[in-house]
file final.cif (mmCIF, C-alpha atoms and all ligand atoms)
data_protein
loop_
_atom_site.label_atom_id
_atom_site.label_comp_id
_atom_site.auth_asym_id
_atom_site.auth_seq_id
_atom_site.Cartn_x
_atom_site.Cartn_y
_atom_site.Cartn_z
CA MET A 1405 -6.81 16.91 -7.29
CA ILE A 1406 -9.67 14.56 -6.43
CA ILE A 1407 -11.56 13.61 -9.60
CA ASN A 1408 -14.32 11.22 -10.62
CA ASP A 1409 -13.25 8.54 -13.11
CA THR A 1410 -16.39 9.13 -15.18
CA GLU A 1411 -14.46 12.25 -16.33
CA LEU A 1412 -11.88 9.98 -18.02
CA SER A 1413 -12.14 8.40 -21.46
CA LEU A 1414 -10.85 5.13 -22.92
CA ASN A 1415 -8.46 5.06 -25.88
CA GLY A 1416 -8.82 2.86 -28.98
CA ASP A 1417 -7.30 -0.12 -27.12
CA GLY A 1418 -9.85 0.26 -24.31
CA ARG A 1419 -7.24 1.65 -21.88
CA VAL A 1420 -8.10 4.61 -19.70
CA GLU A 1421 -6.43 7.90 -20.62
CA THR A 1422 -5.35 10.52 -18.08
CA THR A 1423 -3.77 13.95 -18.35
CA LYS A 1424 -1.70 13.64 -15.13
CA PRO A 1425 -0.29 10.78 -13.06
CA THR A 1426 -3.54 9.30 -11.69
CA LEU A 1427 -4.10 7.02 -8.71
CA TRP A 1428 -7.19 4.93 -7.87
CA HIS A 1429 -7.21 4.70 -4.07
CA CYS A 1430 -9.09 3.14 -1.15
CA HIS A 1431 -8.40 4.40 2.35
CA ASN A 1432 -5.89 2.27 4.32
CA SER A 1433 -5.28 -0.07 1.34
CA ARG A 1434 -1.95 -0.66 -0.42
CA SER A 1435 -2.61 2.39 -2.63
CA THR A 1436 -1.56 4.34 0.50
CA ARG A 1437 2.03 3.48 -0.45
CA VAL A 1438 1.67 5.25 -3.79
CA LEU A 1439 -0.26 8.19 -2.35
CA TRP A 1440 2.41 8.70 0.33
CA THR A 1441 5.19 8.55 -2.31
CA LEU A 1442 3.40 11.09 -4.53
CA ALA A 1443 2.99 13.40 -1.52
CA GLU A 1444 6.65 13.10 -0.47
CA MET A 1445 7.74 13.79 -4.06
CA GLY A 1446 5.53 16.86 -4.34
CA ILE A 1447 4.42 16.17 -7.91
CA ASP A 1448 1.01 17.02 -9.31
CA TYR A 1449 -1.43 14.11 -9.62
CA ASP A 1450 -5.12 13.22 -9.79
CA LEU A 1451 -6.79 10.91 -7.28
CA ILE A 1452 -9.91 8.77 -7.50
CA GLU A 1453 -11.23 7.79 -4.08
CA MET A 1454 -13.22 4.57 -3.95
CA GLN A 1455 -15.09 2.44 -1.44
CA PHE A 1456 -13.41 -0.88 -0.61
CA PRO A 1457 -13.65 -3.40 -2.26
CA PRO A 1458 -13.72 -1.42 -5.52
CA ARG A 1459 -14.48 -4.45 -7.74
CA ILE A 1460 -17.93 -4.44 -6.07
CA ASN A 1461 -18.44 -0.78 -5.18
CA GLN A 1462 -16.93 1.21 -8.05
CA PRO A 1463 -19.04 0.98 -11.22
CA ASN A 1464 -17.01 -0.22 -14.23
CA TYR A 1465 -13.77 -0.38 -12.24
CA LYS A 1466 -12.91 -3.79 -13.72
CA SER A 1467 -13.07 -2.31 -17.20
CA ILE A 1468 -10.21 -0.02 -16.09
CA ASN A 1469 -8.30 -2.56 -13.94
CA VAL A 1470 -9.23 -6.13 -14.82
CA LEU A 1471 -7.94 -7.32 -11.42
CA GLY A 1472 -10.34 -5.03 -9.57
CA THR A 1473 -7.62 -4.35 -6.96
CA VAL A 1474 -5.99 -1.18 -5.62
CA PRO A 1475 -3.74 0.55 -6.31
CA TYR A 1476 -4.29 1.25 -9.98
CA PHE A 1477 -1.93 3.86 -11.33
CA VAL A 1478 -1.67 5.47 -14.76
CA ASP A 1479 1.09 7.77 -15.99
CA GLY A 1480 0.91 8.36 -19.74
CA GLN A 1481 1.32 4.94 -21.36
CA SER A 1482 2.32 3.30 -18.06
CA HIS A 1483 -0.40 1.34 -16.24
CA MET A 1484 0.50 -0.31 -12.93
CA THR A 1485 -1.20 -2.58 -10.36
CA GLU A 1486 1.63 -3.35 -7.88
CA SER A 1487 2.04 -0.85 -5.04
CA SER A 1488 5.75 -1.24 -4.25
CA ALA A 1489 6.68 -1.41 -7.94
CA THR A 1490 4.74 1.81 -8.52
CA CYS A 1491 6.69 3.61 -5.76
CA HIS A 1492 9.92 2.36 -7.35
CA TYR A 1493 8.73 3.49 -10.80
CA LEU A 1494 7.86 6.98 -9.54
CA VAL A 1495 11.23 7.79 -7.96
CA GLU A 1496 13.10 6.40 -10.99
CA LYS A 1497 10.92 8.02 -13.63
CA TYR A 1498 10.97 11.43 -11.95
CA HIS A 1499 14.64 11.12 -10.80
CA HIS A 1500 13.70 11.81 -7.21
CA ASP A 1501 17.14 11.25 -5.68
CA ALA A 1502 16.08 12.07 -2.12
CA LEU A 1503 13.77 9.03 -2.01
CA ARG A 1504 15.71 6.52 -4.14
CA ILE A 1505 18.93 4.52 -3.92
CA ASP A 1506 21.02 4.32 -7.05
CA VAL A 1507 22.04 0.97 -8.54
CA SER A 1508 25.71 1.94 -7.98
CA HIS A 1509 25.16 2.39 -4.22
CA PRO A 1510 26.56 -0.38 -1.94
CA GLU A 1511 23.12 -0.75 -0.29
CA TYR A 1512 21.17 -1.03 -3.56
CA ALA A 1513 20.62 -4.78 -3.21
CA ASP A 1514 19.30 -4.26 0.30
CA TYR A 1515 17.04 -1.46 -0.90
CA ILE A 1516 15.45 -3.49 -3.67
CA ASN A 1517 15.15 -6.47 -1.32
CA TRP A 1518 13.13 -4.36 1.17
CA LEU A 1519 10.93 -3.06 -1.65
CA PHE A 1520 10.00 -6.59 -2.77
CA MET A 1521 9.83 -7.94 0.79
CA SER A 1522 7.36 -5.24 1.84
CA ASP A 1523 4.52 -6.87 -0.06
CA ALA A 1524 5.49 -10.48 -0.79
CA THR A 1525 6.71 -11.29 2.73
CA LEU A 1526 5.29 -8.67 5.10
CA LEU A 1527 1.86 -7.86 3.69
CA PHE A 1528 0.71 -11.10 2.09
CA PRO A 1529 0.39 -13.16 5.33
CA GLN A 1530 -1.70 -10.37 6.85
CA THR A 1531 -4.25 -10.69 4.06
CA ILE A 1532 -4.73 -14.37 4.98
CA VAL A 1533 -5.24 -13.38 8.64
CA ILE A 1534 -7.93 -10.81 7.89
CA ARG A 1535 -9.61 -12.92 5.25
CA TYR A 1536 -10.10 -15.90 7.56
CA SER A 1537 -10.85 -13.89 10.70
CA ARG A 1538 -12.93 -10.97 9.32
CA PHE A 1539 -13.74 -10.87 5.60
CA GLU A 1540 -15.30 -14.30 5.15
CA PRO A 1541 -18.84 -14.94 6.42
CA LYS A 1542 -18.82 -16.49 9.91
CA GLU A 1543 -19.36 -20.06 8.63
CA ARG A 1544 -16.27 -19.81 6.35
CA GLN A 1545 -13.91 -18.24 8.91
CA VAL A 1546 -10.99 -20.46 9.99
CA PRO A 1547 -9.45 -19.33 13.30
CA GLN A 1548 -6.56 -21.82 13.01
CA VAL A 1549 -5.50 -20.42 9.64
CA ALA A 1550 -5.75 -16.82 10.93
CA GLU A 1551 -3.67 -17.69 14.01
CA ASP A 1552 -1.03 -19.57 11.99
CA TYR A 1553 -0.56 -16.71 9.51
CA LYS A 1554 -0.42 -14.12 12.31
CA LEU A 1555 2.53 -16.07 13.78
CA TRP A 1556 3.98 -16.46 10.27
CA PHE A 1557 3.86 -12.65 9.81
CA TRP A 1558 5.46 -11.99 13.18
CA ALA A 1559 8.25 -14.49 12.39
CA ARG A 1560 8.93 -12.71 9.08
CA LEU A 1561 9.67 -9.50 11.04
CA LYS A 1562 12.92 -11.01 12.40
CA LYS A 1563 15.09 -9.50 9.69
CA LEU A 1564 13.59 -6.06 10.27
CA ASP A 1565 14.06 -6.44 14.07
CA GLN A 1566 17.75 -7.10 13.57
CA HIS A 1567 18.20 -4.42 10.94
CA LEU A 1568 16.61 -1.65 13.04
CA LEU A 1569 18.68 -2.32 16.17
CA ASN A 1570 21.18 0.33 15.13
CA ARG A 1571 19.39 2.20 12.34
CA SER A 1572 16.62 4.82 12.07
CA TYR A 1573 15.82 4.04 8.41
CA LEU A 1574 16.29 0.98 6.21
CA CYS A 1575 18.96 2.18 3.78
CA ASP A 1576 21.73 4.75 3.59
CA ASN A 1577 20.73 6.26 6.95
CA ARG A 1578 17.91 8.27 5.35
CA PHE A 1579 14.21 8.00 4.47
CA THR A 1580 13.53 6.34 1.07
CA VAL A 1581 10.62 4.60 -0.68
CA ALA A 1582 11.79 1.36 1.00
CA ASP A 1583 10.65 2.95 4.29
CA ILE A 1584 7.31 3.87 2.70
CA THR A 1585 6.63 0.35 1.41
CA VAL A 1586 7.80 -1.51 4.55
CA GLY A 1587 6.31 1.18 6.82
CA TYR A 1588 2.92 0.72 5.17
CA ALA A 1589 3.00 -3.05 5.88
CA LEU A 1590 3.64 -2.25 9.58
CA TYR A 1591 0.97 0.45 9.62
CA PHE A 1592 -1.58 -1.92 8.06
CA GLY A 1593 -0.70 -4.63 10.59
CA GLU A 1594 -1.20 -2.14 13.41
CA SER A 1595 -4.62 -1.19 12.01
CA GLN A 1596 -5.57 -4.88 12.06
CA GLY A 1597 -4.52 -5.37 15.69
CA LEU A 1598 -1.21 -7.13 14.92
CA ALA A 1599 1.22 -4.64 16.52
CA SER A 1600 1.40 -6.67 19.74
CA GLY A 1601 3.99 -8.83 17.95
CA TYR A 1602 6.25 -5.88 17.03
CA SER A 1603 9.60 -5.43 18.78
CA PRO A 1604 10.37 -2.09 20.53
CA GLN A 1605 12.64 -1.00 17.65
CA VAL A 1606 9.94 -1.80 15.06
CA LEU A 1607 7.35 0.11 17.10
CA SER A 1608 9.53 3.21 17.37
CA TYR A 1609 10.43 2.99 13.64
CA LEU A 1610 6.70 2.89 12.81
CA GLU A 1611 6.03 5.92 15.05
CA ARG A 1612 8.89 7.81 13.35
CA LEU A 1613 7.34 7.13 9.93
CA LYS A 1614 3.79 7.97 10.99
CA ASP A 1615 5.05 11.26 12.38
CA ARG A 1616 6.07 12.50 8.93
CA GLU A 1617 4.08 15.51 7.78
CA HIS A 1618 3.20 14.00 4.40
CA PHE A 1619 1.98 10.77 5.96
CA LYS A 1620 -0.21 12.68 8.42
CA ARG A 1621 -1.66 14.66 5.53
CA ILE A 1622 -2.48 11.71 3.24
CA GLU A 1623 -3.54 9.18 5.89
CA PRO A 1624 -7.16 10.39 6.26
CA ILE A 1625 -7.80 10.72 2.49
CA GLY A 1626 -10.81 8.62 1.50
CA ASP A 1627 -11.71 7.67 5.09
CA SER A 1628 -15.39 8.57 4.63
CA LYS A 1629 -15.63 5.63 2.18
CA SER A 1630 -13.88 3.09 4.41
CA PRO A 1631 -16.01 0.11 5.53
CA PHE A 1632 -13.36 -0.54 8.21
CA LEU A 1633 -14.25 2.82 9.80
CA HIS A 1634 -17.92 2.77 8.75
CA PRO A 1635 -19.10 -0.86 8.99
CA GLU A 1636 -22.51 0.03 7.49
CA LEU A 1637 -20.66 0.43 4.15
CA TRP A 1638 -19.45 -3.17 4.24
CA THR A 1639 -20.55 -4.96 1.03
CA MET A 1640 -18.01 -7.81 0.69
CA LYS A 1641 -20.37 -10.34 2.28
CA LYS A 1642 -23.40 -9.49 0.16
N1 LIG B 1701 0.47 -7.08 -4.72
C1 LIG B 1701 -0.51 -6.03 -4.97
C2 LIG B 1701 -1.80 -6.43 -4.25
C3 LIG B 1701 -2.98 -5.51 -4.57
C4 LIG B 1701 -4.19 -5.90 -3.69
O1 LIG B 1701 -4.51 -7.10 -3.55
N2 LIG B 1701 -4.84 -4.90 -3.11
C5 LIG B 1701 -5.96 -5.15 -2.20
C6 LIG B 1701 -6.13 -3.97 -1.24
S1 LIG B 1701 -4.79 -3.73 -0.17
C7 LIG B 1701 -7.27 -5.22 -2.94
O2 LIG B 1701 -7.47 -4.48 -3.88
N3 LIG B 1701 -8.18 -6.09 -2.49
C8 LIG B 1701 -9.54 -6.10 -2.96
C9 LIG B 1701 -9.90 -7.31 -3.72
O3 LIG B 1701 -9.09 -8.24 -3.82
O4 LIG B 1701 -11.01 -7.30 -4.24
C10 LIG B 1701 0.07 -4.70 -4.51
O5 LIG B 1701 1.12 -4.66 -3.87
O6 LIG B 1701 -0.50 -3.65 -4.81
#
call {"tool": "encode", "arguments": {"input": "final.cif", "output": "structure tokens", "more": "lines below"}}
Ligand SMILES: N[C@@H](CCC(=O)N[C@@H](CS)C(=O)NCC(=O)O)C(=O)O
result
Amino acid sequence: MIINDTELSLNGDGRVETTKPTLWHCHNSRSTRVLWTLAEMGIDYDLIEMQFPPRINQPNYKSINVLGTVPYFVDGQSHMTESSATCHYLVEKYHHDALRIDVSHPEYADYINWLFMSDATLLFPQTIVIRYSRFEPKERQVPQVAEDYKLWFWARLKKLDQHLLNRSYLCDNRFTVADITVGYALYFGESQGLASGYSPQVLSYLERLKDREHFKRIEPIGDSKSPFLHPELWTMKK
């Protein structure tokens, strides 16, 4: 259910309290990973939609999440700020075997490697590209840095290129949260105009993921508050 976070209260330690698993989300941001996982799992949750960047646009957000970033996720006493870790937490905590790989499985190391790689290696360089080509005011943009990190991102896709030559999904021949976390990094890159560096097998993998019913359902959530889609909402440069 979509709620307003003014409906939530803080406990004695100043931490926000929720009655259900609750996600703070901005359209197209990394919180998409968590939203997609919640949808695939079919569990009940609350959602707070915000305008990006929330540290500027969402009143009091930093009193809930001191980093001011998305996602922010609360489940009982658990408070999380890392998107891929939150997906991992969800499938473990709720024993969602269809989306997880067990530690005893021969591909477990691969699985956990993809989960970590999805943000540290595949998403991080993209944030440098968009910061120095779009987010910063014109006089602070650095085309050389943006170009270098675009090439850096494309080079880091080599392992995925190889891996997908004879596979439809990353692990155990089936869709798991590793596909959600890596798939989101590819989806974000595509939305930022970086898909021209994707190999044919990466492009068809991304199409396969975007064709999932749950992804199609969650993808538009919060789009009316997106400054990427509605540039008049852009406040980062003020
Ligand atoms: N490593 C974190 C990064 C979280 C993060 O930096 N999120 C971005 C959106 S994708 C954000 O909130 N940026 C706004 C800001 O830095 O103010 C994760 O995987 O969730």
call {"tool": "closest_residue", "arguments": {"input": "final.cif", "among": "A:Phe1539, A:Ser1572, A:Thr1525, A:Val1586", "to": "Ala1559 (chain A)", "atoms": "only C-alpha atoms"}}
result
A:Thr1525
call {"tool": "residues_near_ligand", "arguments": {"input": "final.cif", "ligand": "ligand LIG 1701 (chain B)", "cutoff": "7 Å", "atoms": "all atoms listed in the file", "output": "count of residues only"}}
result
16
call {"tool": "closest_residue", "arguments": {"input": "final.cif", "among": "A:Thr1639, A:Thr1490, A:Ser1630, A:Asn1408", "to": "Ile1452 (chain A)", "atoms": "all atoms listed in the file"}}
result
A:Asn1408
call {"tool": "closest_residue", "arguments": {"input": "final.cif", "among": "A:Glu1444, A:Pro1541, A:Val1495, A:Met1405", "to": "Trp1638 (chain A)", "atoms": "all atoms listed in the file"}}
result
A:Pro1541
call {"tool": "atom_distance", "arguments": {"input": "final.cif", "atom1": "CA of Arg1437 (chain A)", "atom2": "CA of Val1581 (chain A)"}}
result
8.7 Å
call {"tool": "atom_distance", "arguments": {"input": "final.cif", "atom1": "CA of Leu1590 (chain A)", "atom2": "CA of Cys1430 (chain A)"}}
result
17.5 Å
call {"tool": "residues_around", "arguments": {"input": "final.cif", "residues": "Phe1592 (chain A)", "least_positions_apart": "5", "cutoff": "9 Å", "atoms": "all atoms listed in the file", "output": "list in words"}}
result
Asn1432, Ser1433, Arg1434, Leu1527, Gln1530, Gly1587, Gly1597 and Leu1598 of chain A
call {"tool": "axis_aligned_box", "arguments": {"input": "final.cif", "around": "region 1593-1605 of chain A", "padding_each_side": "5 Å", "output": "JSON"}}
result
{"center_x": 3.5, "center_y": -4.9, "center_z": 15.6, "size_x": 28.2, "size_y": 17.8, "size_z": 19.9}
